[in-house]
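Q: Once you've had a glance at the structure underneath, I'll fire off some questions.
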Amino acid sequence: MDQLTSTEPATLHCARHSGVETLLRCGRCDTPICPRCSVMTPVGARCPDCAQVRRPPMYDLSGRYLWQALAAAVVLVIAGGFVFTYALGFLARSFFIGAILYAAAGFGIAEALSAVANRKRGPRLQWLAVITTVLTTQWIMVATLVLMHGVSLNPPSLVLTAIATAIAWARLR
């Protein structure tokens with residue numbers, strides 16, 4: 001009967017969330033954990049440290065691949081801006097064809113950045129693709145803003161740019 005009574009308190013507090021009472025412990029290190037920070041593994045509940053929760057390697061964009069993606073983004077903005085504007089002026093006689101060009105730009109920029117970064121994905125590459133897409137498709141507006149301190153807005157172009165950035169974002173999810 002003495003084994004049932006112990007000196008430990010009946011309720012413990014989570015090691016990561018001190019205000020949360022819990023009775024759950026990590027199955028490996030015996031650290032008190034709450035349901036929010038517990039990770040269910042095939043052998044039971046574990047704390048995040050013992051479960052070794054990591055991001056998949058395809059979402060780890062750092063080092064050489066980050067620099068390659070940044071360099072590709074600069075090239076895409078400079079060269080892609082000219083090509084996109086030329087193609088838009090030459091081919092886009094209708095809103096529908098213009099929409100296809102904008103969608104292709106968002107898709108192409110996302111794929112190019114992913115290819116340069118060894119097919120990586122994730123938030124860093126998503127934001128880089130959004131900025132690159134906006135600067136590539138709206139570089140005339142940005143140049144007008146910088147050089148002449150004024151903006152000439154084209155609402156259909158801005159809507160299509162928003163769609164292109166959504167496509168680029170979704171491609172790199």
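Every chain in the structure tokens takes a letter, A first, then B, and so on in the order presented; its residues are numbered from 1, and the ligands are numbered from 1 following the presented order.
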Quick one: pick out all strand (DSSP E or B) residues within region 6-137 of chain A from a backbone DSSP run and write them as a list in words.

A: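 Filtering region 6-137 of chain A down to strand (DSSP E or B) leaves Leu12, His13, Glu21, Thr22, Arg25, Pro32, Val39, Met40, Thr41, Gly44, Ala45 and Arg46 of chain A.
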
Q: Write out as a VMD selection string the residues lying within 12 Å of Val43 (chain A), counting only C-alpha atoms and excluding same-chain residues fewer than 5 positions away.

A: chain A and resid 26 to 28 50 to 51

Q: For CA of Leu158 (chain A) and CA of Ile100 (chain A), quote the distance in Å rounded to one decimal.

A: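 Straight-line distance from CA of Leu158 (chain A) to CA of Ile100 (chain A) works out to 14.3 Å.
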
Q: Please build the interface table for region 59-82 of chain A against region 115-132 of chain A with a cut-off of 9 Å, listing for each qualifying residue the nearest atom pair and the distance in Å to one decimal; count only C-alpha atoms, order rows by chain and increasing number, and write it as JSON lines.

A:
{"residue": "A:Tyr59", "atom": "CA", "partner": "A:Gly122", "partner_atom": "CA", "distance": 4.9}
{"residue": "A:Asp60", "atom": "CA", "partner": "A:Lys120", "partner_atom": "CA", "distance": 7.3}
{"residue": "A:Leu61", "atom": "CA", "partner": "A:Lys120", "partner_atom": "CA", "distance": 6.6}
{"residue": "A:Arg64", "atom": "CA", "partner": "A:Ala117", "partner_atom": "CA", "distance": 8.3}
{"residue": "A:Tyr65", "atom": "CA", "partner": "A:Ala117", "partner_atom": "CA", "distance": 4.7}
{"residue": "A:Leu66", "atom": "CA", "partner": "A:Ala117", "partner_atom": "CA", "distance": 6.7}
{"residue": "A:Trp67", "atom": "CA", "partner": "A:Ala117", "partner_atom": "CA", "distance": 8.6}
{"residue": "A:Gln68", "atom": "CA", "partner": "A:Val116", "partner_atom": "CA", "distance": 6.3}
{"residue": "A:Ala69", "atom": "CA", "partner": "A:Ala117", "partner_atom": "CA", "distance": 5.6}
{"residue": "A:Leu70", "atom": "CA", "partner": "A:Leu128", "partner_atom": "CA", "distance": 7.6}
{"residue": "A:Ala72", "atom": "CA", "partner": "A:Val116", "partner_atom": "CA", "distance": 7.2}
{"residue": "A:Ala73", "atom": "CA", "partner": "A:Thr132", "partner_atom": "CA", "distance": 5.9}
{"residue": "A:Val74", "atom": "CA", "partner": "A:Thr132", "partner_atom": "CA", "distance": 7.8}
{"residue": "A:Leu76", "atom": "CA", "partner": "A:Thr132", "partner_atom": "CA", "distance": 7.2}
{"residue": "A:Val77", "atom": "CA", "partner": "A:Thr132", "partner_atom": "CA", "distance": 6.1}

Q: What gap, in Å, lies between CA of Ile163 (chain A) and CA of Ala103 (chain A)?

A: 7.0 Å

Q: Write down as a ChimeraX atom specification the residues belonging to chain A that are assigned helix (DSSP H, G or I) by DSSP computed on the backbone.

A: /A:48-51,57-59,64-91,95-116,123-137,139-148,155-171

Q: Could you please take those selected residues and save C-alpha atoms as an mmCIF file, in the first residue's frame?

A:
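Contents of part-v4.cif, as written:
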data_model
loop_
_atom_site.group_PDB
_atom_site.id
_atom_site.type_symbol
_atom_site.label_atom_id
_atom_site.label_comp_id
_atom_site.auth_asym_id
_atom_site.auth_seq_id
_atom_site.Cartn_x
_atom_site.Cartn_y
_atom_site.Cartn_z
ATOM 1 C CA PRO A 48 8.743 17.391 -28.789
ATOM 2 C CA ASP A 49 12.422 16.927 -27.875
ATOM 3 C CA CYS A 50 12.186 13.142 -27.642
ATOM 4 C CA ALA A 51 9.913 12.878 -30.682
ATOM 5 C CA PRO A 57 14.214 18.618 -45.620
ATOM 6 C CA MET A 58 12.303 19.883 -48.648
ATOM 7 C CA TYR A 59 11.180 22.901 -46.558
ATOM 8 C CA ARG A 64 23.649 27.804 -50.935
ATOM 9 C CA TYR A 65 20.106 27.133 -52.141
ATOM 10 C CA LEU A 66 18.819 30.363 -50.611
ATOM 11 C CA TRP A 67 21.515 32.368 -52.394
ATOM 12 C CA GLN A 68 20.815 30.563 -55.661
ATOM 13 C CA ALA A 69 17.122 31.348 -55.341
ATOM 14 C CA LEU A 70 17.849 35.022 -54.587
ATOM 15 C CA ALA A 71 20.135 35.277 -57.633
ATOM 16 C CA ALA A 72 17.511 33.605 -59.813
ATOM 17 C CA ALA A 73 14.887 36.018 -58.485
ATOM 18 C CA VAL A 74 17.017 39.011 -59.491
ATOM 19 C CA VAL A 75 17.533 37.557 -62.979
ATOM 20 C CA LEU A 76 13.822 36.811 -63.291
ATOM 21 C CA VAL A 77 12.872 40.350 -62.300
ATOM 22 C CA ILE A 78 15.299 41.971 -64.717
ATOM 23 C CA ALA A 79 15.049 39.673 -67.738
ATOM 24 C CA GLY A 80 11.568 38.364 -67.016
ATOM 25 C CA GLY A 81 10.177 41.870 -66.630
ATOM 26 C CA PHE A 82 11.260 42.819 -70.133
ATOM 27 C CA VAL A 83 10.106 39.541 -71.667
ATOM 28 C CA PHE A 84 6.783 39.671 -69.837
ATOM 29 C CA THR A 85 6.098 43.267 -70.867
ATOM 30 C CA TYR A 86 7.028 42.527 -74.475
ATOM 31 C CA ALA A 87 4.854 39.401 -74.577
ATOM 32 C CA LEU A 88 1.981 41.261 -72.936
ATOM 33 C CA GLY A 89 2.173 44.072 -75.475
ATOM 34 C CA PHE A 90 2.528 41.702 -78.418
ATOM 35 C CA LEU A 91 0.105 38.911 -77.486
ATOM 36 C CA PHE A 95 -8.220 40.201 -71.248
ATOM 37 C CA PHE A 96 -8.396 36.405 -71.509
ATOM 38 C CA ILE A 97 -4.973 36.076 -73.174
ATOM 39 C CA GLY A 98 -3.544 38.565 -70.690
ATOM 40 C CA ALA A 99 -4.921 36.460 -67.835
ATOM 41 C CA ILE A 100 -3.235 33.380 -69.280
ATOM 42 C CA LEU A 101 0.094 35.267 -69.505
ATOM 43 C CA TYR A 102 -0.151 36.421 -65.896
ATOM 44 C CA ALA A 103 -1.035 32.902 -64.702
ATOM 45 C CA ALA A 104 1.857 31.467 -66.712
ATOM 46 C CA ALA A 105 4.185 34.049 -65.167
ATOM 47 C CA GLY A 106 3.192 33.062 -61.628
ATOM 48 C CA PHE A 107 3.530 29.370 -62.408
ATOM 49 C CA GLY A 108 6.836 29.802 -64.257
ATOM 50 C CA ILE A 109 8.421 31.963 -61.566
ATOM 51 C CA ALA A 110 7.495 29.475 -58.846
ATOM 52 C CA GLU A 111 8.815 26.532 -60.847
ATOM 53 C CA ALA A 112 12.035 28.340 -61.768
ATOM 54 C CA LEU A 113 12.764 29.317 -58.161
ATOM 55 C CA SER A 114 11.985 25.798 -56.960
ATOM 56 C CA ALA A 115 14.242 24.255 -59.630
ATOM 57 C CA VAL A 116 17.144 26.541 -58.742
ATOM 58 C CA PRO A 123 7.511 29.962 -46.630
ATOM 59 C CA ARG A 124 10.839 31.562 -47.561
ATOM 60 C CA LEU A 125 10.551 30.477 -51.165
ATOM 61 C CA GLN A 126 6.862 31.409 -51.225
ATOM 62 C CA TRP A 127 7.597 34.988 -50.167
ATOM 63 C CA LEU A 128 10.471 35.218 -52.632
ATOM 64 C CA ALA A 129 8.164 34.004 -55.414
ATOM 65 C CA VAL A 130 5.480 36.546 -54.461
ATOM 66 C CA ILE A 131 7.928 39.449 -54.478
ATOM 67 C CA THR A 132 9.490 38.247 -57.739
ATOM 68 C CA THR A 133 6.062 37.855 -59.379
ATOM 69 C CA VAL A 134 4.941 41.336 -58.334
ATOM 70 C CA LEU A 135 8.180 42.957 -59.494
ATOM 71 C CA THR A 136 8.206 41.013 -62.770
ATOM 72 C CA THR A 137 4.599 41.706 -63.720
ATOM 73 C CA TRP A 139 7.964 46.518 -62.980
ATOM 74 C CA ILE A 140 6.717 49.430 -65.103
ATOM 75 C CA MET A 141 4.547 50.627 -62.216
ATOM 76 C CA VAL A 142 7.461 50.226 -59.782
ATOM 77 C CA ALA A 143 9.825 52.076 -62.148
ATOM 78 C CA THR A 144 7.279 54.890 -62.551
ATOM 79 C CA LEU A 145 6.930 55.139 -58.791
ATOM 80 C CA VAL A 146 10.688 55.271 -58.228
ATOM 81 C CA LEU A 147 11.653 57.554 -61.136
ATOM 82 C CA MET A 148 8.689 59.914 -61.372
ATOM 83 C CA PRO A 155 -6.776 47.801 -61.806
ATOM 84 C CA PRO A 156 -7.133 44.798 -64.170
ATOM 85 C CA SER A 157 -3.364 44.381 -64.159
ATOM 86 C CA LEU A 158 -3.279 44.515 -60.358
ATOM 87 C CA VAL A 159 -6.031 41.876 -60.116
ATOM 88 C CA LEU A 160 -4.175 39.608 -62.533
ATOM 89 C CA THR A 161 -0.950 40.149 -60.578
ATOM 90 C CA ALA A 162 -2.764 39.106 -57.394
ATOM 91 C CA ILE A 163 -3.929 35.934 -59.145
ATOM 92 C CA ALA A 164 -0.391 35.265 -60.423
ATOM 93 C CA THR A 165 1.045 35.679 -56.919
ATOM 94 C CA ALA A 166 -1.603 33.305 -55.529
ATOM 95 C CA ILE A 167 -0.570 30.729 -58.129
ATOM 96 C CA ALA A 168 3.121 31.181 -57.246
ATOM 97 C CA TRP A 169 2.325 30.886 -53.523
ATOM 98 C CA ALA A 170 0.266 27.727 -53.994
ATOM 99 C CA ARG A 171 2.913 26.074 -56.202
#

Q: Quote the spacing between CA of His149 (chain A) and CA of Arg93 (chain A) in Å to one decimal place.

A: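 Spanning CA of His149 (chain A) to CA of Arg93 (chain A) is a straight-line distance of 29.1 Å.
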
Q: Show which residues sit within 12 Å of His17 (chain A), as a ChimeraX atom specification. Count only C-alpha atoms, and ignore same-chain residues fewer than 5 positions away.

A: /A:12,22,32-38
